[in-house]
Amino acid sequence: GQSLEQPSEVTAVEGAIVQINCTYQTSGFYGLSWYQQHDGGAPTFLSYNALDGLEETGRFSSFLSRSDSYGYLLLQELQMKDSASYFCGLYNFNKFYFGSGTKLNVKP
Amino acid sequence: ETGVTQTPRHLVMGMTNKKSLKCEQHLGHNAMYWYKQSAKKPLELMFVYSLEERVENNSVPSRFSPECPNSSHLFLHLHTLQPEDSALYLCASSQEYSLSGASSYEQYFGPGTRLTVT
């Protein structure tokens, strides 16, 4: 099947900016999505990129580059509550695929 | 109630038991999904229903049997499970099931059922 690669863990300080990358090996997919999941909680939808470029939603932005086979989630003005796991997902050949998730630790 | 609810939240069952997981969405969505989430592994899509019709079956063992009686309810019937089936089972819904539209990507998840098979 397809694979999406993400770093397993990232640590940053409050107020900083952090970028979580997602690389994939596939083509012809419809779009890339991002979800946030707090420990013990349900995943919540953050963003979706159908086209190349940057999508901004408040402090969070998501980027897609099909030519480079990667996307990223950018979190600005980090807050303690942003400590969670973040995973990317795409749809290809009638299947949804997701990355293993990146655990973000925000330190004071 | 709002959003997507799942019951039970925790379930312990033996390998010979039969149990069912229930999911209900109060969002008026037309598509519902079952996912399996194991520690340190990617989220695995198990089943997709659109307007009560199954549209995907991702090679899931027959010991997992889904049922969608209407667009608001989704069940996962379990029988003769194995210890490796222990995981968090998540239900989700989206406005519609569209291969190209953002509405499929914007999924709303329930809190999950933590299943332990002994």
# chains A, B, ... in the order shown; residues from 1 in each chain; ligands from 1
>>> interface_residues(of="chain A", to="chain B", cutoff="10 Å", atoms="only C-alpha atoms", output="MDAnalysis selection string")
chainID A and resid 3:5 8 29:35 40:50 87:102
>>> residues_around(residues="region 77-85 of chain A", least_positions_apart="4", cutoff="9 Å", atoms="only C-alpha atoms", output="list of chain:residue names")
A:Glu9, A:Ala12, A:Val13, A:Glu14, A:Gly15, A:Ala16, A:Ile17, A:Val18, A:Tyr35, A:Gln36, A:Gln37, A:His38, A:Asp39, A:Pro43, A:Arg59, A:Gly101, A:Thr102, A:Lys103, A:Leu104, A:Asn105, A:Val106, A:Lys107, A:Pro108
>>> atom_distance(atom1="CA of Ile20 (chain A)", atom2="CA of Gly71 (chain A)")
8.5 Å
>>> select_by_dssp(residues="region 4-103 of chain A", states="strand (DSSP E)", output="MDAnalysis selection string")
chainID A and resid 4:5 9:13 18:24 32:37 44:49 53:57 60:65 70:75 84:92 95:98 102:103
>>> closest_residue(among="B:Thr118, B:Asn70, B:Gln82, B:Ser65", to="Ser50 (chain B)", atoms="only C-alpha atoms")
B:Asn70
>>> residues_around(residues="Gln19 (chain A)", least_positions_apart="3", cutoff="7 Å", atoms="only C-alpha atoms", output="PyMOL selection string")
chain A and resi 72-75
>>> residues_around(residues="region 10-13 of chain B", least_positions_apart="6", cutoff="6 Å", atoms="only C-alpha atoms", output="number ranges by chain")
B: 113-117
>>> select_by_dssp(residues="region 1-116 of chain B", states="alpha helix (DSSP H)", output="VMD selection string")
chain B and resid 102 to 105
